[in-house]
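The next block is coords.cif, given as mmCIF, C-alpha atoms.
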```cif
data_model
#
loop_
_atom_site.group_PDB
_atom_site.id
_atom_site.type_symbol
_atom_site.label_atom_id
_atom_site.label_comp_id
_atom_site.auth_asym_id
_atom_site.auth_seq_id
_atom_site.Cartn_x
_atom_site.Cartn_y
_atom_site.Cartn_z
ATOM 1 C CA MET A 93 -5.556 25.160 10.801
ATOM 2 C CA PRO A 94 -3.774 23.843 7.666
ATOM 3 C CA THR A 95 -0.061 23.339 8.099
ATOM 4 C CA GLU A 96 2.576 25.091 6.051
ATOM 5 C CA LEU A 97 4.454 22.507 4.012
ATOM 6 C CA SER A 98 8.224 22.537 4.110
ATOM 7 C CA LEU A 99 8.957 22.448 0.377
ATOM 8 C CA GLU A 100 12.704 22.141 0.933
ATOM 9 C CA ILE A 101 12.472 18.662 2.412
ATOM 10 C CA LEU A 102 9.941 17.338 -0.066
ATOM 11 C CA PRO A 103 12.176 16.165 -2.958
ATOM 12 C CA ASN A 104 14.605 14.424 -0.613
ATOM 13 C CA ALA A 105 11.817 12.804 1.377
ATOM 14 C CA LEU A 106 10.146 11.682 -1.831
ATOM 15 C CA SER A 107 13.377 10.162 -3.120
ATOM 16 C CA GLN A 108 13.901 8.150 0.045
ATOM 17 C CA ILE A 109 10.316 6.930 0.141
ATOM 18 C CA VAL A 110 10.204 6.001 -3.551
ATOM 19 C CA ASP A 111 13.514 4.169 -3.265
ATOM 20 C CA SER A 112 12.192 2.211 -0.285
ATOM 21 C CA VAL A 113 8.863 1.322 -1.915
ATOM 22 C CA PHE A 114 10.353 0.356 -5.278
ATOM 23 C CA GLY A 115 13.282 -1.484 -3.717
ATOM 24 C CA THR A 116 11.119 -3.507 -1.358
ATOM 25 C CA MET A 117 8.094 -4.242 -3.536
ATOM 26 C CA LEU A 118 9.611 -4.282 -7.049
ATOM 27 C CA ASN A 119 13.264 -5.079 -6.352
ATOM 28 C CA LEU A 120 14.123 -1.976 -8.360
ATOM 29 C CA GLU A 121 16.520 0.809 -7.557
ATOM 30 C CA ALA A 122 14.832 4.111 -8.319
ATOM 31 C CA GLY A 123 16.609 7.440 -8.094
ATOM 32 C CA ALA A 124 15.719 11.018 -8.889
ATOM 33 C CA SER A 125 16.771 11.966 -12.417
ATOM 34 C CA GLU A 126 16.666 14.810 -14.917
ATOM 35 C CA ALA A 127 14.200 13.094 -17.243
ATOM 36 C CA PRO A 128 12.032 15.682 -19.015
ATOM 37 C CA TRP A 129 8.333 15.773 -18.238
ATOM 38 C CA PHE A 130 6.113 14.238 -20.886
ATOM 39 C CA LEU A 131 2.663 15.606 -21.512
ATOM 40 C CA SER A 132 1.334 13.598 -24.415
ATOM 41 C CA GLY A 133 0.835 10.015 -25.433
ATOM 42 C CA ASP A 134 -0.828 7.134 -23.628
ATOM 43 C CA HIS A 135 0.071 6.923 -19.993
ATOM 44 C CA LEU A 136 -1.387 6.220 -16.550
ATOM 45 C CA THR A 137 -1.815 8.457 -13.520
ATOM 46 C CA ALA A 138 -2.339 6.931 -10.069
ATOM 47 C CA ALA A 139 -3.475 9.435 -7.448
ATOM 48 C CA VAL A 140 -4.056 9.450 -3.711
ATOM 49 C CA HIS A 141 -5.471 12.451 -1.874
ATOM 50 C CA LEU A 142 -4.120 13.727 1.423
ATOM 51 C CA MET A 143 -6.737 15.388 3.607
ATOM 52 C CA GLY A 144 -6.762 17.024 7.008
ATOM 53 C CA ASP A 145 -4.162 19.362 8.509
ATOM 54 C CA TRP A 146 -2.571 19.479 5.064
ATOM 55 C CA ASN A 147 -4.528 18.988 1.843
ATOM 56 C CA GLY A 148 -3.165 17.842 -1.459
ATOM 57 C CA ALA A 149 -2.531 14.843 -3.651
ATOM 58 C CA LEU A 150 0.278 12.618 -4.790
ATOM 59 C CA LEU A 151 0.452 11.433 -8.391
ATOM 60 C CA LEU A 152 2.520 8.578 -9.831
ATOM 61 C CA GLU A 153 2.707 8.724 -13.626
ATOM 62 C CA CYS A 154 4.347 6.532 -16.230
ATOM 63 C CA ASP A 155 3.700 5.202 -19.711
ATOM 64 C CA ARG A 156 1.614 2.098 -20.333
ATOM 65 C CA GLU A 157 4.507 -0.276 -21.016
ATOM 66 C CA GLN A 158 6.220 0.889 -17.866
ATOM 67 C CA ALA A 159 3.074 0.291 -15.825
ATOM 68 C CA CYS A 160 2.850 -3.253 -17.221
ATOM 69 C CA ARG A 161 6.469 -3.930 -16.276
ATOM 70 C CA PHE A 162 5.838 -2.643 -12.743
ATOM 71 C CA ALA A 163 2.850 -4.967 -12.442
ATOM 72 C CA GLY A 164 4.903 -7.934 -13.623
ATOM 73 C CA ARG A 165 7.579 -7.222 -11.037
ATOM 74 C CA PHE A 166 5.059 -6.600 -8.265
ATOM 75 C CA LEU A 167 3.197 -9.837 -8.925
ATOM 76 C CA SER A 168 6.299 -11.869 -9.886
ATOM 77 C CA THR A 169 4.783 -12.732 -13.265
ATOM 78 C CA ASP A 170 5.508 -11.887 -16.870
ATOM 79 C CA PRO A 171 4.469 -8.295 -17.557
ATOM 80 C CA PRO A 172 0.889 -8.139 -18.832
ATOM 81 C CA SER A 173 0.768 -7.395 -22.564
ATOM 82 C CA THR A 174 -1.792 -4.664 -22.047
ATOM 83 C CA VAL A 175 -3.065 -2.472 -19.238
ATOM 84 C CA ASP A 176 -5.660 -4.429 -17.273
ATOM 85 C CA ASP A 177 -7.193 -4.282 -13.800
ATOM 86 C CA ASP A 178 -4.088 -5.822 -12.234
ATOM 87 C CA VAL A 179 -1.848 -3.153 -13.778
ATOM 88 C CA ARG A 180 -4.123 -0.363 -12.557
ATOM 89 C CA ASP A 181 -4.371 -2.044 -9.154
ATOM 90 C CA VAL A 182 -0.584 -2.276 -8.802
ATOM 91 C CA LEU A 183 -0.013 1.337 -9.863
ATOM 92 C CA GLY A 184 -2.644 2.474 -7.381
ATOM 93 C CA GLU A 185 -1.013 0.479 -4.605
ATOM 94 C CA LEU A 186 2.393 1.951 -5.377
ATOM 95 C CA ALA A 187 0.925 5.470 -5.164
ATOM 96 C CA ASN A 188 -0.856 4.467 -1.964
ATOM 97 C CA MET A 189 2.357 3.276 -0.324
ATOM 98 C CA ILE A 190 4.285 6.379 -1.377
ATOM 99 C CA GLY A 191 1.476 8.675 -0.198
ATOM 100 C CA GLY A 192 1.062 6.795 3.070
ATOM 101 C CA ASN A 193 4.724 7.166 3.911
ATOM 102 C CA LEU A 194 4.868 10.751 2.666
ATOM 103 C CA LYS A 195 2.089 11.913 4.947
ATOM 104 C CA CYS A 196 4.170 10.860 7.930
ATOM 105 C CA VAL A 197 6.905 13.325 7.021
ATOM 106 C CA LEU A 198 4.478 16.177 6.312
ATOM 107 C CA THR A 199 2.478 16.673 9.470
ATOM 108 C CA PRO A 200 0.281 14.649 11.838
ATOM 109 C CA GLY A 201 -3.437 14.622 11.242
ATOM 110 C CA ILE A 202 -3.527 13.747 7.552
ATOM 111 C CA ARG A 203 -5.851 11.092 6.179
ATOM 112 C CA LEU A 204 -5.223 9.153 2.984
ATOM 113 C CA SER A 205 -7.857 8.497 0.325
ATOM 114 C CA LEU A 206 -8.324 5.311 -1.633
ATOM 115 C CA PRO A 207 -6.164 5.398 -4.772
ATOM 116 C CA SER A 208 -7.649 6.209 -8.160
ATOM 117 C CA VAL A 209 -6.084 5.534 -11.560
ATOM 118 C CA VAL A 210 -6.567 7.362 -14.863
ATOM 119 C CA ASP A 211 -5.584 5.475 -18.009
ATOM 120 C CA GLY A 212 -5.605 7.022 -21.456
ATOM 121 C CA GLY A 213 -4.012 9.550 -23.765
ATOM 122 C CA HIS A 214 -3.930 13.325 -24.071
ATOM 123 C CA TYR A 215 -5.710 13.962 -20.805
ATOM 124 C CA SER A 216 -4.975 16.348 -17.973
ATOM 125 C CA VAL A 217 -5.816 15.829 -14.327
ATOM 126 C CA ARG A 218 -7.246 18.872 -12.564
ATOM 127 C CA PHE A 219 -7.381 19.361 -8.802
ATOM 128 C CA CYS A 220 -9.334 22.464 -7.883
ATOM 129 C CA GLY A 221 -7.257 24.983 -5.970
ATOM 130 C CA ALA A 222 -4.103 22.883 -6.118
ATOM 131 C CA GLN A 223 -0.618 23.892 -7.129
ATOM 132 C CA VAL A 224 2.427 21.791 -7.832
ATOM 133 C CA CYS A 225 4.628 21.587 -4.727
ATOM 134 C CA ALA A 226 7.122 19.202 -6.263
ATOM 135 C CA ARG A 227 7.469 17.166 -9.433
ATOM 136 C CA VAL A 228 10.346 14.729 -9.327
ATOM 137 C CA PRO A 229 11.371 12.567 -12.290
ATOM 138 C CA PHE A 230 12.737 9.159 -11.364
ATOM 139 C CA GLN A 231 14.759 6.640 -13.312
ATOM 140 C CA CYS A 232 14.909 2.901 -12.734
ATOM 141 C CA ASP A 233 15.973 -0.117 -14.802
ATOM 142 C CA ASP A 234 12.483 -0.259 -16.288
ATOM 143 C CA GLY A 235 12.563 3.384 -17.422
ATOM 144 C CA PRO A 236 11.436 6.806 -16.197
ATOM 145 C CA PHE A 237 8.422 7.714 -14.102
ATOM 146 C CA TRP A 238 7.244 10.871 -12.351
ATOM 147 C CA ILE A 239 6.000 11.702 -8.875
ATOM 148 C CA THR A 240 4.074 14.947 -8.365
ATOM 149 C CA VAL A 241 2.913 16.397 -5.065
ATOM 150 C CA LEU A 242 0.057 18.896 -5.284
ATOM 151 C CA GLY A 243 -0.954 21.132 -2.420
ATOM 152 C CA VAL A 244 -4.245 22.930 -2.012
ATOM 153 C CA GLY A 245 -3.679 26.563 -1.120
ATOM 154 C CA ASP A 246 -6.221 29.357 -0.793
ATOM 155 C CA GLY A 247 -7.964 28.425 -4.004
ATOM 156 C CA SER A 248 -6.293 31.051 -6.136
ATOM 157 C CA ASN A 249 -3.687 28.858 -7.825
ATOM 158 C CA GLU A 250 -5.581 26.218 -9.678
ATOM 159 C CA ASN A 251 -3.420 24.078 -11.946
ATOM 160 C CA SER A 252 -3.938 21.172 -14.218
ATOM 161 C CA VAL A 253 -1.080 18.714 -14.382
ATOM 162 C CA MET B 16 15.463 -10.326 2.200
ATOM 163 C CA LEU B 17 14.263 -13.532 3.768
ATOM 164 C CA ASN B 18 13.669 -16.523 1.545
ATOM 165 C CA GLU B 19 12.131 -19.880 2.260
ATOM 166 C CA GLU B 20 15.503 -21.583 2.509
ATOM 167 C CA ASP B 21 16.463 -19.262 5.363
ATOM 168 C CA LEU B 22 13.520 -20.203 7.489
ATOM 169 C CA SER B 23 13.585 -22.297 10.591
ATOM 170 C CA GLY B 24 11.931 -25.635 9.929
ATOM 171 C CA ASN B 25 10.390 -25.433 13.357
ATOM 172 C CA ILE B 26 8.460 -22.316 12.441
ATOM 173 C CA VAL B 27 7.113 -23.899 9.272
ATOM 174 C CA LYS B 28 6.240 -27.078 11.125
ATOM 175 C CA ARG B 29 4.413 -25.164 13.828
ATOM 176 C CA ALA B 30 2.338 -23.291 11.248
ATOM 177 C CA ARG B 31 1.399 -26.555 9.533
ATOM 178 C CA ASP B 32 0.659 -28.352 12.763
ATOM 179 C CA THR B 33 -1.600 -25.650 14.064
ATOM 180 C CA ASN B 34 -3.697 -25.549 10.873
ATOM 181 C CA MET B 35 -3.879 -21.827 11.391
ATOM 182 C CA ARG B 36 -6.534 -20.024 9.379
ATOM 183 C CA ILE B 37 -5.538 -16.587 8.190
ATOM 184 C CA LEU B 38 -7.918 -13.979 6.769
ATOM 185 C CA ILE B 39 -6.341 -11.375 4.468
ATOM 186 C CA VAL B 40 -8.436 -8.214 4.085
ATOM 187 C CA ASP B 41 -7.441 -5.693 1.429
ATOM 188 C CA ASP B 42 -9.346 -3.994 -1.375
ATOM 189 C CA SER B 43 -6.371 -4.516 -3.690
ATOM 190 C CA ARG B 44 -6.292 -7.970 -5.269
ATOM 191 C CA ALA B 45 -2.621 -7.465 -6.094
ATOM 192 C CA MET B 46 -1.828 -6.665 -2.477
ATOM 193 C CA ARG B 47 -3.731 -9.731 -1.235
ATOM 194 C CA MET B 48 -1.564 -11.831 -3.572
ATOM 195 C CA ILE B 49 1.586 -10.208 -2.197
ATOM 196 C CA VAL B 50 0.507 -10.771 1.398
ATOM 197 C CA ARG B 51 -0.146 -14.461 0.608
ATOM 198 C CA ARG B 52 3.288 -14.792 -0.988
ATOM 199 C CA THR B 53 4.970 -13.001 1.896
ATOM 200 C CA LEU B 54 3.221 -15.254 4.407
ATOM 201 C CA ARG B 55 4.637 -18.298 2.610
ATOM 202 C CA GLN B 56 8.108 -16.766 2.585
ATOM 203 C CA ALA B 57 7.792 -16.053 6.301
ATOM 204 C CA GLY B 58 6.983 -19.660 7.117
ATOM 205 C CA PHE B 59 3.215 -19.667 7.151
ATOM 206 C CA ASP B 60 2.938 -21.851 4.072
ATOM 207 C CA GLY B 61 0.949 -24.509 5.890
ATOM 208 C CA CYS B 62 -1.850 -22.184 6.823
ATOM 209 C CA ALA B 63 -5.281 -21.941 5.257
ATOM 210 C CA GLU B 64 -5.704 -18.495 3.736
ATOM 211 C CA VAL B 65 -8.971 -16.791 2.891
ATOM 212 C CA GLU B 66 -9.506 -13.311 1.489
ATOM 213 C CA ALA B 67 -11.898 -10.394 1.720
ATOM 214 C CA ALA B 68 -11.947 -7.110 -0.203
ATOM 215 C CA ASN B 69 -13.387 -4.929 2.577
ATOM 216 C CA GLY B 70 -14.570 -5.019 6.159
ATOM 217 C CA ARG B 71 -18.069 -6.239 5.339
ATOM 218 C CA GLU B 72 -16.763 -9.183 3.333
ATOM 219 C CA ALA B 73 -14.365 -9.875 6.173
ATOM 220 C CA LEU B 74 -17.214 -10.136 8.668
ATOM 221 C CA ASP B 75 -18.821 -12.758 6.435
ATOM 222 C CA GLN B 76 -15.551 -14.680 6.223
ATOM 223 C CA VAL B 77 -15.083 -14.516 9.989
ATOM 224 C CA GLN B 78 -18.492 -16.075 10.414
ATOM 225 C CA ALA B 79 -17.777 -18.709 7.759
ATOM 226 C CA VAL B 80 -14.258 -19.841 8.624
ATOM 227 C CA ALA B 81 -13.497 -18.452 12.108
ATOM 228 C CA PRO B 82 -9.947 -17.337 11.306
ATOM 229 C CA ASP B 83 -7.242 -17.444 13.961
ATOM 230 C CA LEU B 84 -5.416 -14.446 12.522
ATOM 231 C CA ILE B 85 -6.691 -11.436 10.570
ATOM 232 C CA LEU B 86 -4.364 -9.225 8.530
ATOM 233 C CA SER B 87 -6.264 -6.139 7.482
ATOM 234 C CA ASP B 88 -5.634 -3.056 5.410
ATOM 235 C CA TRP B 89 -6.819 0.229 6.917
ATOM 236 C CA ASN B 90 -8.313 2.182 4.001
ATOM 237 C CA MET B 91 -11.001 0.184 2.236
ATOM 238 C CA PRO B 92 -14.415 0.923 0.724
ATOM 239 C CA GLU B 93 -17.637 -0.164 2.461
ATOM 240 C CA MET B 94 -16.018 -0.730 5.872
ATOM 241 C CA ASN B 95 -12.452 0.227 6.749
ATOM 242 C CA GLY B 96 -10.067 -1.771 8.887
ATOM 243 C CA LEU B 97 -10.649 0.131 12.111
ATOM 244 C CA GLU B 98 -14.415 -0.197 11.749
ATOM 245 C CA LEU B 99 -13.926 -3.900 11.107
ATOM 246 C CA LEU B 100 -11.838 -4.252 14.253
ATOM 247 C CA ARG B 101 -14.456 -2.439 16.351
ATOM 248 C CA GLU B 102 -17.253 -4.615 14.957
ATOM 249 C CA LEU B 103 -15.283 -7.791 15.624
ATOM 250 C CA LYS B 104 -14.709 -6.730 19.227
ATOM 251 C CA ARG B 105 -18.404 -5.891 19.575
ATOM 252 C CA ARG B 106 -19.232 -9.399 18.355
ATOM 253 C CA GLY B 107 -16.786 -10.943 20.785
ATOM 254 C CA SER B 108 -14.363 -12.279 18.187
ATOM 255 C CA SER B 109 -11.223 -13.838 19.637
ATOM 256 C CA ALA B 110 -9.257 -13.744 16.382
ATOM 257 C CA THR B 111 -5.853 -12.127 16.564
ATOM 258 C CA PHE B 112 -6.053 -8.902 14.588
ATOM 259 C CA GLY B 113 -3.346 -6.741 13.058
ATOM 260 C CA PHE B 114 -2.968 -4.146 10.354
ATOM 261 C CA VAL B 115 -0.950 -4.394 7.129
ATOM 262 C CA THR B 116 -1.301 -0.906 5.749
ATOM 263 C CA SER B 117 0.250 2.165 4.180
ATOM 264 C CA GLU B 118 -1.187 4.198 7.057
ATOM 265 C CA SER B 119 1.989 4.444 9.067
ATOM 266 C CA SER B 120 1.501 7.594 11.127
ATOM 267 C CA PRO B 121 2.047 7.216 14.895
ATOM 268 C CA ASP B 122 -1.400 8.547 15.797
ATOM 269 C CA MET B 123 -3.082 5.861 13.699
ATOM 270 C CA GLN B 124 -0.871 3.143 15.137
ATOM 271 C CA VAL B 125 -1.834 4.276 18.630
ATOM 272 C CA ALA B 126 -5.515 4.305 17.675
ATOM 273 C CA ALA B 127 -5.234 0.788 16.258
ATOM 274 C CA LEU B 128 -3.519 -0.593 19.327
ATOM 275 C CA GLN B 129 -6.034 1.115 21.622
ATOM 276 C CA GLU B 130 -8.853 -0.597 19.734
ATOM 277 C CA GLY B 131 -7.234 -3.999 20.249
ATOM 278 C CA ALA B 132 -4.972 -4.579 17.245
ATOM 279 C CA LEU B 133 -1.922 -6.592 18.256
ATOM 280 C CA PHE B 134 0.473 -5.461 15.545
ATOM 281 C CA PHE B 135 0.960 -2.927 12.807
ATOM 282 C CA ILE B 136 2.916 -3.853 9.668
ATOM 283 C CA THR B 137 3.615 -0.894 7.405
ATOM 284 C CA LYS B 138 3.729 -1.161 3.619
ATOM 285 C CA PRO B 139 6.197 -1.653 2.039
ATOM 286 C CA PHE B 140 7.018 -4.781 4.022
ATOM 287 C CA THR B 141 9.402 -7.703 3.838
ATOM 288 C CA ALA B 142 9.098 -11.374 4.750
ATOM 289 C CA ASP B 143 11.501 -10.697 7.624
ATOM 290 C CA LYS B 144 9.033 -8.163 9.028
ATOM 291 C CA PHE B 145 6.182 -10.652 8.737
ATOM 292 C CA GLN B 146 8.222 -13.343 10.447
ATOM 293 C CA SER B 147 9.436 -11.176 13.322
ATOM 294 C CA THR B 148 5.931 -9.830 13.887
ATOM 295 C CA LEU B 149 3.930 -13.021 13.502
ATOM 296 C CA GLU B 150 6.269 -15.652 14.932
ATOM 297 C CA PRO B 151 5.486 -14.671 18.547
ATOM 298 C CA LEU B 152 1.814 -15.225 17.761
ATOM 299 C CA LEU B 153 2.558 -18.808 16.782
ATOM 300 C CA ARG B 154 4.464 -19.350 19.986
ATOM 301 C CA SER B 155 1.569 -18.148 22.129
#
```
Would you kindly transcribe this structure into structure tokens?
Amino acid sequence: MPTELSLEILPNALSQIVDSVFGTMLNLEAGASEAPWFLSGDHLTAAVHLMGDWNGALLLECDREQACRFAGRFLSTDPPSTVDDDVRDVLGELANMIGGNLKCVLTPGIRLSLPSVVDGGHYSVRFCGAQVCARVPFQCDDGPFWITVLGVGDGSNENSV
Amino acid sequence: MLNEEDLSGNIVKRARDTNMRILIVDDSRAMRMIVRRTLRQAGFDGCAEVEAANGREALDQVQAVAPDLILSDWNMPEMNGLELLRELKRRGSSATFGFVTSESSPDMQVAALQEGALFFITKPFTADKFQSTLEPLLRS
């Protein structure tokens, strides 16, 4: 039986998890902000799916330059000049760590997928039957990024994000 | 955060003297690099490190280099970390095995320990966590 998600705790839990992941792996303080959502332009989306007693997905999204800076910090190198496999790998791992920790505060019995990364411009990501449970903008010294949690309901609320 | 200057020289010396071979298994190349760096920061800079991108590659590396210690991710293509652990036990491997993974739920930690994993390091991790977890393994 799928578990009802407590939407009230989600933004706070996300903030704590993101702060921990970014602080530990990137040496960056990241806090929830009021940055407006962007829908156009070149950017990257890293996604992990949560499956089992609760079904959904977690997305980490930022622009290309931001993703390169994250990769540079993660690998302790100069930021790559363009998005390459390392940049996509790092963004996927960041989403994986956030999703892995998030599933522990949701409910037992959730499995985590391998991360996937979309890289391009003017695209939308569609998860059949999913609706946005939370979209939290974050701000760090390297700029803004967004975390979105999608939950799969009864199939009647399909959204693209 | 631990840095190399903070480390006990004895720990570093022990790692060098034992010529420990460590196998790092993770499908993320970036994460394998971070695990290598964290091992050095935690005092395992004298160890020989080899890598594999999934459980099947890890089995080949185990046969080739007979690692003393295996640090494995959980979610990987081809063969995941738990399947790798089960196969190693079936083959009679004596390598010390532990997980370094984002899969941090208690039920999975219990499952890992029941299958014979000796430790469970959750991502994100620090060098301090590596040292406090792995140092007892050097002592033994």
**OP:** Using all atoms listed in the file, pick whichever of B:Leu86, B:Ala126, B:Met94, B:Ala132 has the shortest atom-to-atom distance to Leu38 of chain B.
**Re:** B:Leu86
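Across the structure, atom CA of Val182 of chain A and atom CA of Gln158 of chain A are spaced 11.8 Å apart.
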**OP:** Between A:Thr169, A:Ser208, A:Ser107, A:Thr174, single out the one closest to Asp134 of chain A, counting all atoms listed in the file.
**Re:**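 Checking each of A:Thr169, A:Ser208, A:Ser107, A:Thr174 against Asp134 of chain A, counting all atoms listed in the file, the winner is A:Thr174.
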Subject >> Matched chain/residue IDs from the PyMOL selection byres ((chain A) within 9 of (chain B)), as number ranges by chain >> reply: A: 112-114, 116-117, 163, 166-167, 178-179, 181-182, 184-185, 188-193, 195-197, 200-206
**OP:** Could you tell me how far atom CA of Ala79 of chain B lies from atom CA of Thr148 of chain B, in Å and to one decimal?
**Re:**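 About the pair atom CA of Ala79 of chain B and atom CA of Thr148 of chain B: they are 26.0 Å apart.
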**OP:** Enter the distance from atom CA of Phe162 of chain A to atom CA of Ile39 of chain B, in Å, rounded to one decimal.
**Re:**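 Atom CA of Phe162 of chain A sits 22.8 Å away from atom CA of Ile39 of chain B.
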Subject >> Spatial neighbours of Gly212 of chain A, 9 Å, all atoms listed in the file, chain gap at least 3 places, as a ChimeraX atom specification >> reply: /A:133-137,156,215
**OP:** Write out as a list of chain:residue names which residues come within 8 Å of segment 124-126 of chain A when counting only C-alpha atoms, dropping same-chain ones fewer than 5 positions away.
**Re:**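 Result of the neighbour search: A:Ser107, A:Val228, A:Pro229, A:Phe230, A:Gln231.
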**OP:** Counting all atoms listed in the file, note down every residue that has an atom within 8 Å of the point (2.1, 7.3, -14.5) (file coordinates), as a ChimeraX atom specification.
**Re:** /A:135-138,151-156,159,183,237-238
Original post:
For Met35 of chain B, which of B:Gln129, B:Gln124, B:Asn69, B:Thr111 is the closest residue, counting all atoms listed in the file?
Top reply: B:Thr111
